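Dumped protein.txt below, it's compact mmCIF, C-alpha atoms:
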# COMPACT_ATOMS: atom_id res chain seq x y z
CA MET K 263 74.43 -11.77 -6.69
CA ILE K 264 72.56 -12.66 -9.88
CA LEU K 265 70.64 -15.33 -7.99
CA ASN K 266 69.74 -12.78 -5.33
CA ARG K 267 68.51 -10.39 -8.02
CA VAL K 268 66.41 -13.16 -9.65
CA GLY K 269 65.05 -14.09 -6.22
CA THR K 270 64.11 -10.49 -5.49
CA HIS K 271 62.31 -10.19 -8.85
CA ARG K 272 60.40 -13.41 -8.19
CA LEU K 273 59.46 -12.23 -4.74
CA ALA K 274 58.29 -8.87 -6.10
CA ARG K 275 56.26 -10.61 -8.82
CA PHE K 276 54.76 -13.00 -6.28
CA LEU K 277 53.78 -10.15 -3.96
CA THR K 278 52.29 -8.13 -6.83
CA LEU K 279 50.20 -11.11 -7.98
CA THR K 280 49.08 -11.77 -4.40
CA VAL K 281 47.95 -8.16 -3.93
CA LEU K 282 46.12 -8.21 -7.30
CA CYS K 283 44.41 -11.50 -6.36
CA LEU K 284 43.34 -10.08 -3.00
CA LEU K 285 41.99 -6.94 -4.67
CA PHE K 286 40.09 -9.07 -7.20
CA VAL K 287 38.58 -11.24 -4.47
CA ASN K 288 37.63 -8.15 -2.46
CA VAL K 289 35.94 -6.45 -5.43
CA ASN K 290 34.00 -9.64 -6.17
CA ALA K 291 33.03 -9.99 -2.51
CA ASN K 292 31.68 -6.43 -2.56
CA ASP K 293 29.77 -7.11 -5.79
CA THR K 294 28.31 -10.25 -4.25
CA ASP K 295 27.26 -8.25 -1.19
CA VAL K 296 25.60 -5.58 -3.31
CA ASP K 297 23.79 -8.17 -5.47
CA HIS K 298 22.61 -10.03 -2.37
CA GLY K 299 21.65 -6.71 -0.77
CA ALA K 300 19.57 -5.73 -3.79
CA ARG K 301 17.54 -8.93 -3.45
CA VAL K 302 17.02 -8.39 0.30
CA TYR K 303 16.15 -4.77 -0.43
CA LEU K 304 13.45 -5.70 -2.96
CA GLU K 305 11.90 -8.23 -0.59
CA ARG K 306 12.06 -6.19 2.62
CA CYS K 307 12.44 -2.50 1.88
CA ALA K 308 10.70 -1.74 -1.43
CA LEU K 309 7.26 -1.63 0.22
CA CYS K 310 8.16 1.80 1.67
CA HIS K 311 11.30 2.93 -0.20
CA GLY K 312 10.22 1.75 -3.66
CA SER K 313 11.90 -0.64 -6.06
CA LYS K 314 14.21 2.13 -7.30
CA GLY K 315 14.96 3.54 -3.85
CA LEU K 316 13.36 6.85 -4.75
CA GLY K 317 10.66 6.74 -2.09
CA GLU K 318 8.02 5.40 -4.45
CA GLY K 319 6.96 2.29 -2.51
CA PRO K 320 3.23 1.48 -2.37
CA MET K 321 3.13 2.46 1.31
CA ALA K 322 4.66 5.87 0.66
CA LEU K 323 2.43 6.46 -2.37
CA LEU K 324 -0.82 5.46 -0.70
CA VAL K 325 -0.67 6.47 2.97
CA HIS K 326 -1.62 10.11 3.44
CA ASP K 327 1.22 12.41 4.58
CA TYR K 328 3.79 9.61 4.59
CA PRO K 329 7.34 10.88 5.18
CA ASN K 330 9.84 11.01 2.32
CA THR K 331 11.37 7.53 2.02
CA SER K 332 13.81 8.26 -0.81
CA LEU K 333 17.23 6.75 -0.13
CA LYS K 334 19.10 9.18 -2.35
CA THR K 335 19.17 11.68 0.48
CA THR K 336 20.27 11.25 4.07
CA ASP K 337 18.20 12.77 6.85
CA ASP K 338 20.89 12.35 9.46
CA PRO K 339 24.40 11.95 8.00
CA SER K 340 25.78 11.18 11.47
CA GLN K 341 23.99 7.83 11.53
CA SER K 342 25.53 5.00 9.55
CA ILE K 343 23.29 3.22 7.06
CA ARG K 344 24.05 -0.05 8.84
CA ASP K 345 22.79 1.33 12.16
CA ILE K 346 19.62 2.70 10.58
CA VAL K 347 18.92 -0.69 8.97
CA LYS K 348 19.76 -2.54 12.16
CA PHE K 349 18.13 -0.37 14.81
CA GLY K 350 15.49 1.63 12.92
CA THR K 351 13.05 3.47 15.14
CA THR K 352 15.02 2.64 18.30
CA LEU K 353 17.60 5.23 17.20
CA SER K 354 16.62 8.59 18.61
CA SER K 355 16.99 10.23 15.21
CA SER K 356 14.74 7.78 13.33
CA ASN K 357 11.00 8.11 12.93
CA GLU K 358 8.74 5.43 14.38
CA LEU K 359 7.82 4.06 10.96
CA SER K 360 11.31 2.67 10.40
CA PRO K 361 11.50 -0.97 11.63
CA PRO K 362 14.59 -2.31 13.40
CA TRP K 363 15.67 -5.24 11.25
CA ARG K 364 18.21 -6.73 13.67
CA HIS K 365 15.84 -9.49 14.82
CA GLU K 366 14.58 -10.28 11.34
CA LEU K 367 17.65 -10.32 9.11
CA GLU K 368 20.91 -12.26 9.42
CA ALA K 369 24.06 -10.19 10.02
CA SER K 370 25.14 -11.04 6.46
CA GLU K 371 21.81 -9.73 5.12
CA ILE K 372 22.16 -6.48 7.07
CA ALA K 373 25.72 -6.07 5.71
CA ALA K 374 24.49 -6.82 2.19
CA VAL K 375 21.54 -4.44 2.24
CA THR K 376 23.81 -1.76 3.75
CA ALA K 377 26.26 -2.30 0.87
CA PHE K 378 23.40 -1.99 -1.60
CA VAL K 379 22.05 1.26 -0.09
CA GLU K 380 25.59 2.68 -0.13
CA ALA K 381 25.85 1.71 -3.80
CA LEU K 382 22.49 3.38 -4.42
CA ARG K 383 23.81 6.63 -2.97
CA ASN K 384 27.29 6.51 -4.50
CA ASP K 385 26.49 5.21 -7.98
CA PHE K 386 22.76 5.37 -8.66
CA SER K 387 23.02 4.12 -12.27
CA ARG K 388 25.00 1.04 -11.27
CA ALA K 389 22.56 0.31 -8.42
CA GLN K 390 19.66 0.49 -10.89
CA GLN K 391 21.44 -1.97 -13.20
CA ILE K 392 21.88 -4.35 -10.28
CA LEU K 393 18.20 -4.00 -9.30
CA ALA K 394 17.15 -4.71 -12.88
CA SER K 395 19.17 -7.93 -12.89
CA VAL K 396 17.99 -9.27 -9.53
CA ASP K 397 16.54 -12.73 -9.98
CA ILE K 398 13.65 -12.66 -7.52
CA PRO K 399 10.60 -14.93 -7.82
CA PRO K 400 7.54 -12.77 -8.74
CA GLU K 401 5.49 -14.54 -6.06
CA ARG K 402 7.71 -12.86 -3.45
CA ILE K 403 6.27 -9.50 -4.58
CA ASP K 404 2.66 -8.51 -3.92
CA GLY K 405 1.21 -7.43 -7.27
CA ARG K 406 -2.01 -6.35 -5.56
CA LYS K 407 -0.17 -3.56 -3.66
CA ILE K 408 1.55 -2.36 -6.82
CA TYR K 409 -1.79 -2.35 -8.63
CA ARG K 410 -3.34 -0.32 -5.84
CA ALA K 411 -0.51 2.23 -5.91
CA ARG K 412 0.05 2.47 -9.66
CA CYS K 413 -3.01 1.29 -11.57
CA GLU K 414 -6.13 1.77 -9.45
CA SER K 415 -6.49 5.50 -10.06
CA CYS K 416 -7.34 4.75 -13.71
CA HIS K 417 -8.50 1.13 -13.80
CA GLY K 418 -10.43 1.20 -10.51
CA ALA K 419 -10.39 -1.03 -7.43
CA THR K 420 -11.92 -4.00 -9.27
CA GLY K 421 -10.21 -3.35 -12.61
CA ALA K 422 -13.44 -2.27 -14.29
CA GLY K 423 -11.82 0.88 -15.72
CA ASP K 424 -13.73 3.14 -13.32
CA GLY K 425 -10.92 4.69 -11.27
CA ARG K 426 -11.18 8.36 -10.36
CA MET K 427 -9.04 9.35 -13.38
CA SER K 428 -11.69 7.81 -15.66
CA ARG K 429 -13.67 11.03 -15.15
CA ILE K 430 -11.12 12.90 -17.24
CA ILE K 431 -9.58 10.15 -19.40
CA LYS K 432 -11.89 9.56 -22.39
CA ASN K 433 -11.56 8.26 -25.95
CA PRO K 434 -10.41 5.76 -25.02
CA ALA K 435 -11.37 5.36 -21.39
CA PRO K 436 -9.11 3.24 -19.16
CA SER K 437 -9.38 -0.45 -20.10
CA ASP K 438 -11.84 -2.68 -18.32
CA LEU K 439 -9.37 -5.29 -17.16
CA THR K 440 -12.09 -7.61 -15.92
CA LEU K 441 -12.98 -8.38 -19.56
CA SER K 442 -9.41 -8.92 -20.73
CA SER K 443 -8.38 -12.20 -22.29
CA LEU K 444 -4.86 -11.20 -23.28
CA PRO K 445 -2.06 -13.69 -22.61
CA LEU K 446 0.29 -12.89 -19.74
CA GLU K 447 3.24 -12.03 -22.02
CA GLU K 448 1.19 -9.37 -23.82
CA ILE K 449 -0.04 -7.87 -20.55
CA ILE K 450 3.55 -7.62 -19.33
CA ALA K 451 4.59 -5.98 -22.61
CA ILE K 452 1.79 -3.39 -22.38
CA ILE K 453 2.54 -2.58 -18.74
CA SER K 454 6.26 -2.37 -19.42
CA SER K 455 6.28 -0.45 -22.73
CA GLY K 456 3.15 1.63 -22.21
CA GLY K 457 0.10 2.14 -24.42
CA LYS K 458 1.68 4.23 -27.16
CA ALA K 459 4.43 1.73 -27.99
CA MET K 460 1.84 -1.06 -28.14
CA GLY K 461 -0.63 0.79 -30.37
CA ARG K 462 -2.98 1.50 -27.48
CA SER K 463 -3.94 4.53 -25.41
CA GLU K 464 -1.14 7.08 -24.97
CA ARG K 465 -2.42 7.67 -21.45
CA MET K 466 -1.10 4.26 -20.35
CA PRO K 467 2.41 4.96 -19.00
CA PRO K 468 5.45 2.73 -19.67
CA TRP K 469 5.83 1.24 -16.20
CA GLY K 470 9.00 -0.61 -17.18
CA GLN K 471 10.80 2.64 -16.35
CA GLU K 472 9.41 2.61 -12.80
CA LEU K 473 9.16 -1.06 -11.84
CA VAL K 474 11.62 -3.95 -11.87
CA TYR K 475 10.80 -6.97 -14.02
CA ALA K 476 9.58 -9.17 -11.15
CA GLU K 477 7.13 -6.40 -10.20
CA LEU K 478 5.82 -6.25 -13.77
CA ILE K 479 5.18 -10.00 -13.69
CA SER K 480 3.56 -9.92 -10.26
CA VAL K 481 1.22 -7.06 -11.18
CA ALA K 482 0.36 -8.79 -14.49
CA ASN K 483 -0.43 -11.95 -12.54
CA TYR K 484 -2.67 -9.93 -10.25
CA LEU K 485 -4.55 -8.47 -13.23
CA THR K 486 -5.50 -11.97 -14.37
CA THR K 487 -7.19 -12.54 -10.99
CA LEU K 488 -9.49 -9.57 -11.68
CA ARG K 489 -11.02 -11.24 -14.73
CA ILE K 490 -14.71 -11.90 -14.34
CA ALA K 491 -14.82 -14.61 -16.98
CA GLU K 492 -12.15 -16.66 -15.18
CA ALA K 493 -13.75 -16.13 -11.79
CA GLU K 494 -17.12 -17.45 -12.99
CA MET R 92 -34.42 -17.18 29.14
CA ASN R 93 -33.96 -13.97 27.18
CA THR R 94 -30.27 -13.80 28.17
CA ALA R 95 -29.74 -17.43 27.26
CA LEU R 96 -31.21 -16.76 23.83
CA LYS R 97 -28.87 -13.78 23.30
CA VAL R 98 -25.83 -15.87 24.29
CA LEU R 99 -26.92 -18.68 22.00
CA THR R 100 -27.45 -16.25 19.10
CA THR R 101 -24.03 -14.65 19.63
CA PHE R 102 -22.24 -18.01 19.69
CA THR R 103 -24.14 -19.19 16.63
CA LEU R 104 -23.03 -16.09 14.74
CA TRP R 105 -19.42 -16.50 15.87
CA PHE R 106 -19.18 -20.06 14.67
CA SER R 107 -21.33 -19.80 11.53
CA VAL R 108 -19.79 -16.65 10.09
CA GLY R 109 -16.26 -17.23 11.41
CA TYR R 110 -15.86 -13.64 12.53
CA VAL R 111 -15.27 -12.19 15.96
CA ILE R 112 -18.02 -9.65 16.51
CA ALA R 113 -16.83 -6.74 18.56
CA ASP R 114 -19.18 -5.65 21.33
CA GLN R 115 -16.49 -3.56 23.02
CA LEU R 116 -13.26 -1.87 21.97
CA PRO R 117 -11.52 -4.72 20.13
CA ASN R 118 -7.92 -5.50 21.03
CA VAL R 119 -5.97 -7.58 18.55
CA GLY R 120 -2.83 -9.21 19.92
CA GLN R 121 0.36 -9.80 17.95
CA LYS R 122 1.94 -12.98 19.30
CA ASP R 123 4.29 -15.56 17.78
CA LYS R 124 4.29 -13.56 14.54
CA LYS R 125 0.51 -13.92 14.19
CA PHE R 126 -2.48 -11.70 14.80
CA SER R 127 -4.64 -13.12 17.59
CA VAL R 128 -7.66 -13.28 15.25
CA GLU R 129 -7.79 -13.88 11.52
CA LYS R 130 -11.05 -12.00 11.03
CA LEU R 131 -12.79 -9.26 12.95
CA GLN R 132 -16.05 -7.47 12.38
CA VAL R 133 -16.48 -3.87 13.57
CA ASN R 134 -18.74 -0.93 12.83
CA VAL R 135 -17.84 2.34 11.15
CA GLY R 136 -16.46 4.63 13.87
CA ASP R 137 -15.05 1.75 15.96
CA THR R 138 -11.45 1.85 17.11
CA VAL R 139 -9.30 -1.28 17.08
CA THR R 140 -6.20 -1.57 19.27
CA PHE R 141 -3.21 -3.68 18.20
CA THR R 142 -0.91 -4.83 21.02
CA ASN R 143 2.54 -6.29 20.49
CA ASP R 144 2.92 -9.36 22.75
CA ASP R 145 6.13 -10.58 21.08
CA PRO R 146 9.64 -9.80 22.38
CA PHE R 147 10.50 -8.04 19.11
CA PHE R 148 9.07 -5.22 17.02
CA HIS R 149 5.87 -5.42 15.04
CA ASN R 150 4.19 -3.06 12.62
CA VAL R 151 0.57 -2.67 11.50
CA PHE R 152 -0.46 -1.30 8.14
CA SER R 153 -3.17 -1.55 5.49
CA LEU R 154 -3.30 -0.42 1.89
CA SER R 155 -6.96 -1.36 1.42
CA PRO R 156 -9.23 1.25 -0.20
CA ALA R 157 -11.51 1.28 2.87
CA ALA R 158 -8.61 2.16 5.21
CA THR R 159 -5.06 3.08 4.26
CA PHE R 160 -2.68 3.54 7.19
CA ASP R 161 0.70 2.71 8.68
CA LEU R 162 0.75 2.63 12.49
CA GLY R 163 4.54 2.37 12.59
CA SER R 164 6.91 -0.04 14.34
CA TYR R 165 6.66 -0.63 18.09
CA PRO R 166 8.14 -2.98 20.72
CA GLN R 167 6.66 -5.53 23.12
CA GLY R 168 3.97 -4.18 25.42
CA GLU R 169 3.10 -1.18 23.27
CA SER R 170 -0.15 -0.68 21.37
CA ARG R 171 -1.42 1.34 18.43
CA ASP R 172 -5.01 2.33 17.62
CA ILE R 173 -6.86 2.90 14.38
CA THR R 174 -10.41 4.19 13.93
CA PHE R 175 -12.29 2.97 10.87
CA GLU R 176 -14.17 5.71 9.03
CA GLU R 177 -15.42 3.79 5.98
CA ALA R 178 -17.26 0.52 5.44
CA GLY R 179 -15.47 -2.25 3.56
CA GLU R 180 -12.96 -5.05 3.87
CA VAL R 181 -9.61 -4.04 5.34
CA GLN R 182 -6.57 -6.30 4.87
CA VAL R 183 -4.25 -5.70 7.83
CA GLU R 184 -0.58 -6.72 7.64
CA CYS R 185 2.77 -6.36 9.38
CA ALA R 186 5.50 -4.76 7.26
CA ILE R 187 8.20 -6.60 9.22
CA HIS R 188 6.60 -10.06 9.02
CA PRO R 189 4.83 -10.44 5.64
CA SER R 190 3.13 -13.69 6.70
CA MET R 191 1.15 -11.81 9.38
CA GLN R 192 -2.20 -10.94 7.85
CA MET R 193 -5.79 -10.53 9.05
CA THR R 194 -9.04 -9.08 7.72
CA ILE R 195 -11.31 -6.53 9.37
CA GLU R 196 -14.83 -6.24 7.99
CA VAL R 197 -16.09 -2.72 8.65
CA THR R 198 -19.85 -2.44 8.40
CA GLU R 199 -22.25 0.53 8.57

Write-out of the structure in structure tokens:
Amino acid sequence: MILNRVGTHRLARFLTLTVLCLLFVNVNANDTDVDHGARVYLERCALCHGSKGLGEGPMALLVHDYPNTSLKTTDDPSQSIRDIVKFGTTLSSSNELSPPWRHELEASEIAAVTAFVEALRNDFSRAQQILASVDIPPERIDGRKIYRARCESCHGATGAGDGRMSRIIKNPAPSDLTLSSLPLEEIIAIISSGGKAMGRSERMPPWGQELVYAELISVANYLTTLRIAEAE
Amino acid sequence: MNTALKVLTTFTLWFSVGYVIADQLPNVGQKDKKFSVEKLQVNVGDTVTFTNDDPFFHNVFSLSPAATFDLGSYPQGESRDITFEEAGEVQVECAIHPSMQMTIEVTE
């Protein structure tokens, strides 16, 4: 009788531990999916949806009358996120700008990016923390497109400080980036923290609030290619 | 003789400049995840057609100052057109296949 009771307790303890282990593994698997999905998202989806998922991708910012690409809202709740990622424009409810990714991404990548978009909708703050920690090589991000969408209106197409906003931004005018000789780390700091925090023009926004770190590096790298002195 | 000279001049330009000079409505193919030409020269007001010859979707877009557009995603056999209104260099890409890139030089 006592042995039976001891056996029952051991069995109960064993089952409890097993369930806890399974739950732990499952949570970690989901976290792994979301982390992986954030990386796929930044490489494949941020061009239109933006690096924060708020519809602020270079395509959406630059192309006239582009549809809202924010992922915080759902146009058609009846469609699963996975199906939208997988089938895109071939779904009757999707617009023709949305690519079908089923031929381009592995099934595991589609599952991961789906998990990430779900995380973005269910817990936006957590999704932003994950995006901020994604380790993605800056060369996988096109700094030129970010410059065009975020910087060109002030600094101009060639970086000469003659963008259309330069007509109203004076004293100081937007920097002529072609004459810059600042080291890369300082450029990144200015872009990230903004002009005011770096003792420069208050008109220069702190882009660290809008862009992920790899984007800051890639746009800083692009700025160095605009330098006249280095090109000559 | 005159015709032979024109042909010779055209071929010389093709090979020396490295551009395809459009004398009719240019059609750029999308095959094996590549554009059929790397460079194309057109005039302001010309329309370029992009045709998907691959058995999967392609897209065509540009964020260049001279032409900013997204022609969407479309399957094999379908085409999309874009008319160029401004002179300048236009970098054309596919949003689905980032390695697909070409340049269109739009001249007055």

With 10 Å as the cut-off and all atoms listed in the file counted, what is the closest atom pair between each nearby residue of chain R and chain K? Distances in Å to one decimal, ordered by chain and number, as JSON lines.
{"residue": "R:Pro146", "atom": "CA", "partner": "K:His365", "partner_atom": "CA", "distance": 9.8}
{"residue": "R:Phe147", "atom": "CA", "partner": "K:His365", "partner_atom": "CA", "distance": 7.0}
{"residue": "R:Phe148", "atom": "CA", "partner": "K:Pro362", "partner_atom": "CA", "distance": 7.2}
{"residue": "R:His149", "atom": "CA", "partner": "K:Pro361", "partner_atom": "CA", "distance": 7.9}
{"residue": "R:Asn150", "atom": "CA", "partner": "K:Pro361", "partner_atom": "CA", "distance": 7.7}
{"residue": "R:Val151", "atom": "CA", "partner": "K:Leu359", "partner_atom": "CA", "distance": 9.9}
{"residue": "R:Phe152", "atom": "CA", "partner": "K:Met321", "partner_atom": "CA", "distance": 8.6}
{"residue": "R:Ser153", "atom": "CA", "partner": "K:Met321", "partner_atom": "CA", "distance": 8.6}
{"residue": "R:Leu154", "atom": "CA", "partner": "K:Leu324", "partner_atom": "CA", "distance": 6.9}
{"residue": "R:Ser155", "atom": "CA", "partner": "K:Arg410", "partner_atom": "CA", "distance": 8.2}
{"residue": "R:Pro156", "atom": "CA", "partner": "K:Ala419", "partner_atom": "CA", "distance": 7.7}
{"residue": "R:Ala158", "atom": "CA", "partner": "K:Val325", "partner_atom": "CA", "distance": 9.3}
{"residue": "R:Thr159", "atom": "CA", "partner": "K:Val325", "partner_atom": "CA", "distance": 5.7}
{"residue": "R:Phe160", "atom": "CA", "partner": "K:Val325", "partner_atom": "CA", "distance": 5.5}
{"residue": "R:Asp161", "atom": "CA", "partner": "K:Val325", "partner_atom": "CA", "distance": 7.0}
{"residue": "R:Leu162", "atom": "CA", "partner": "K:Leu359", "partner_atom": "CA", "distance": 7.4}
{"residue": "R:Gly163", "atom": "CA", "partner": "K:Leu359", "partner_atom": "CA", "distance": 4.0}
{"residue": "R:Ser164", "atom": "CA", "partner": "K:Leu359", "partner_atom": "CA", "distance": 5.4}
{"residue": "R:Tyr165", "atom": "CA", "partner": "K:Glu358", "partner_atom": "CA", "distance": 7.4}
{"residue": "R:Pro166", "atom": "CA", "partner": "K:Thr352", "partner_atom": "CA", "distance": 9.2}
{"residue": "R:Ala186", "atom": "CA", "partner": "K:Leu309", "partner_atom": "CA", "distance": 7.9}
{"residue": "R:Ile187", "atom": "CA", "partner": "K:Pro361", "partner_atom": "CA", "distance": 7.0}
{"residue": "R:His188", "atom": "CA", "partner": "K:Glu366", "partner_atom": "CA", "distance": 8.3}
{"residue": "R:Pro189", "atom": "CA", "partner": "K:Arg306", "partner_atom": "CA", "distance": 8.9}

Written selection (C-alpha atoms) as an mmCIF file, in the frame of the given file:
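The result, written out as out-v5.cif:
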data_model
loop_
_atom_site.group_PDB
_atom_site.id
_atom_site.type_symbol
_atom_site.label_atom_id
_atom_site.label_comp_id
_atom_site.auth_asym_id
_atom_site.auth_seq_id
_atom_site.Cartn_x
_atom_site.Cartn_y
_atom_site.Cartn_z
ATOM 1 C CA PRO R 146 9.640 -9.800 22.380
ATOM 2 C CA PHE R 147 10.500 -8.040 19.110
ATOM 3 C CA PHE R 148 9.070 -5.220 17.020
ATOM 4 C CA HIS R 149 5.870 -5.420 15.040
ATOM 5 C CA ASN R 150 4.190 -3.060 12.620
ATOM 6 C CA VAL R 151 0.570 -2.670 11.500
ATOM 7 C CA PHE R 152 -0.460 -1.300 8.140
ATOM 8 C CA SER R 153 -3.170 -1.550 5.490
ATOM 9 C CA LEU R 154 -3.300 -0.420 1.890
ATOM 10 C CA SER R 155 -6.960 -1.360 1.420
ATOM 11 C CA PRO R 156 -9.230 1.250 -0.200
ATOM 12 C CA ALA R 158 -8.610 2.160 5.210
ATOM 13 C CA THR R 159 -5.060 3.080 4.260
ATOM 14 C CA PHE R 160 -2.680 3.540 7.190
ATOM 15 C CA ASP R 161 0.700 2.710 8.680
ATOM 16 C CA LEU R 162 0.750 2.630 12.490
ATOM 17 C CA GLY R 163 4.540 2.370 12.590
ATOM 18 C CA SER R 164 6.910 -0.040 14.340
ATOM 19 C CA TYR R 165 6.660 -0.630 18.090
ATOM 20 C CA PRO R 166 8.140 -2.980 20.720
ATOM 21 C CA ALA R 186 5.500 -4.760 7.260
ATOM 22 C CA ILE R 187 8.200 -6.600 9.220
ATOM 23 C CA HIS R 188 6.600 -10.060 9.020
ATOM 24 C CA PRO R 189 4.830 -10.440 5.640
#

Between atom CA of Ile403 of chain K and atom CA of Ser428 of chain K, what is the distance in Å, rounded to a tenth? 27.3 Å

I'd like the box whose edges run along x, y and z of the file and which contains every listed atom of segment 385-389 of chain K, padded by 5 Å per side; could you state its centre and edge lengths in Å, one decimal, as JSON?
{"center_x": 24.5, "center_y": 2.8, "center_z": -10.1, "size_x": 13.9, "size_y": 15.1, "size_z": 14.3}

Expressed in Å to a single decimal, how great is the separation between atom CA of Phe378 of chain K and atom CA of His311 of chain K?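 Distance between the two atoms: 13.1 Å.
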
Quote the spacing between atom CA of Phe141 of chain R and atom CA of Thr174 of chain R in Å to one decimal place.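 Computing the Euclidean distance for atom CA of Phe141 of chain R and atom CA of Thr174 of chain R yields 11.5 Å.
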
For Lys334 of chain K, please output as a list in words all residues within 10 Å (counting only C-alpha atoms; exclusion window: fewer than 2 positions along the same chain). Lys314, Gly315, Leu316, Gly317, Thr331, Ser332, Thr336, Asp337, Val379, Glu380, Leu382, Arg383, Asn384 and Phe386 of chain K

Write the selection just made, keeping C-alpha atoms, as a CSV table (one decimal), in the frame of the given file?
chain,number,residue,atom,x,y,z
K,314,LYS,CA,14.2,2.1,-7.3
K,315,GLY,CA,15.0,3.5,-3.8
K,316,LEU,CA,13.4,6.8,-4.8
K,317,GLY,CA,10.7,6.7,-2.1
K,331,THR,CA,11.4,7.5,2.0
K,332,SER,CA,13.8,8.3,-0.8
K,336,THR,CA,20.3,11.2,4.1
K,337,ASP,CA,18.2,12.8,6.8
K,379,VAL,CA,22.0,1.3,-0.1
K,380,GLU,CA,25.6,2.7,-0.1
K,382,LEU,CA,22.5,3.4,-4.4
K,383,ARG,CA,23.8,6.6,-3.0
K,384,ASN,CA,27.3,6.5,-4.5
K,386,PHE,CA,22.8,5.4,-8.7

For a cutoff of 12 Å around the file-coordinate point (12.5, 2.1, -14.9), which residues qualify once you count all atoms listed in the file? I'd like the result as JSON, numbers by chain. {"K": [312, 313, 314, 315, 316, 318, 387, 390, 391, 393, 394, 453, 454, 455, 456, 467, 468, 469, 470, 471, 472, 473, 474, 475, 477, 478]}

Close residues, Phe175 of chain R itself excluded, 9 Å, all atoms listed in the file, min 5 positions apart in chain, as number ranges by chain: R: 133-139, 157-158, 197

Could you pull out every residue with an atom within 12 Å of (27.1, 0.6, 6.1), file coordinates, counting all atoms listed in the file, and send them as a CSV table (one decimal) with C-alpha atoms, in the coordinates of the input?
chain,number,residue,atom,x,y,z
K,295,ASP,CA,27.3,-8.2,-1.2
K,296,VAL,CA,25.6,-5.6,-3.3
K,299,GLY,CA,21.6,-6.7,-0.8
K,339,PRO,CA,24.4,12.0,8.0
K,340,SER,CA,25.8,11.2,11.5
K,341,GLN,CA,24.0,7.8,11.5
K,342,SER,CA,25.5,5.0,9.6
K,343,ILE,CA,23.3,3.2,7.1
K,344,ARG,CA,24.0,0.0,8.8
K,345,ASP,CA,22.8,1.3,12.2
K,346,ILE,CA,19.6,2.7,10.6
K,347,VAL,CA,18.9,-0.7,9.0
K,348,LYS,CA,19.8,-2.5,12.2
K,369,ALA,CA,24.1,-10.2,10.0
K,370,SER,CA,25.1,-11.0,6.5
K,371,GLU,CA,21.8,-9.7,5.1
K,372,ILE,CA,22.2,-6.5,7.1
K,373,ALA,CA,25.7,-6.1,5.7
K,374,ALA,CA,24.5,-6.8,2.2
K,375,VAL,CA,21.5,-4.4,2.2
K,376,THR,CA,23.8,-1.8,3.8
K,377,ALA,CA,26.3,-2.3,0.9
K,378,PHE,CA,23.4,-2.0,-1.6
K,379,VAL,CA,22.0,1.3,-0.1
K,380,GLU,CA,25.6,2.7,-0.1
K,381,ALA,CA,25.8,1.7,-3.8
K,382,LEU,CA,22.5,3.4,-4.4
K,383,ARG,CA,23.8,6.6,-3.0

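Ranking K:Ile408, K:Ala482, K:Val302, K:Leu333 by their shortest atom-to-atom distance to Glu447 of chain K, with all atoms listed in the file included, puts K:Ala482 first.
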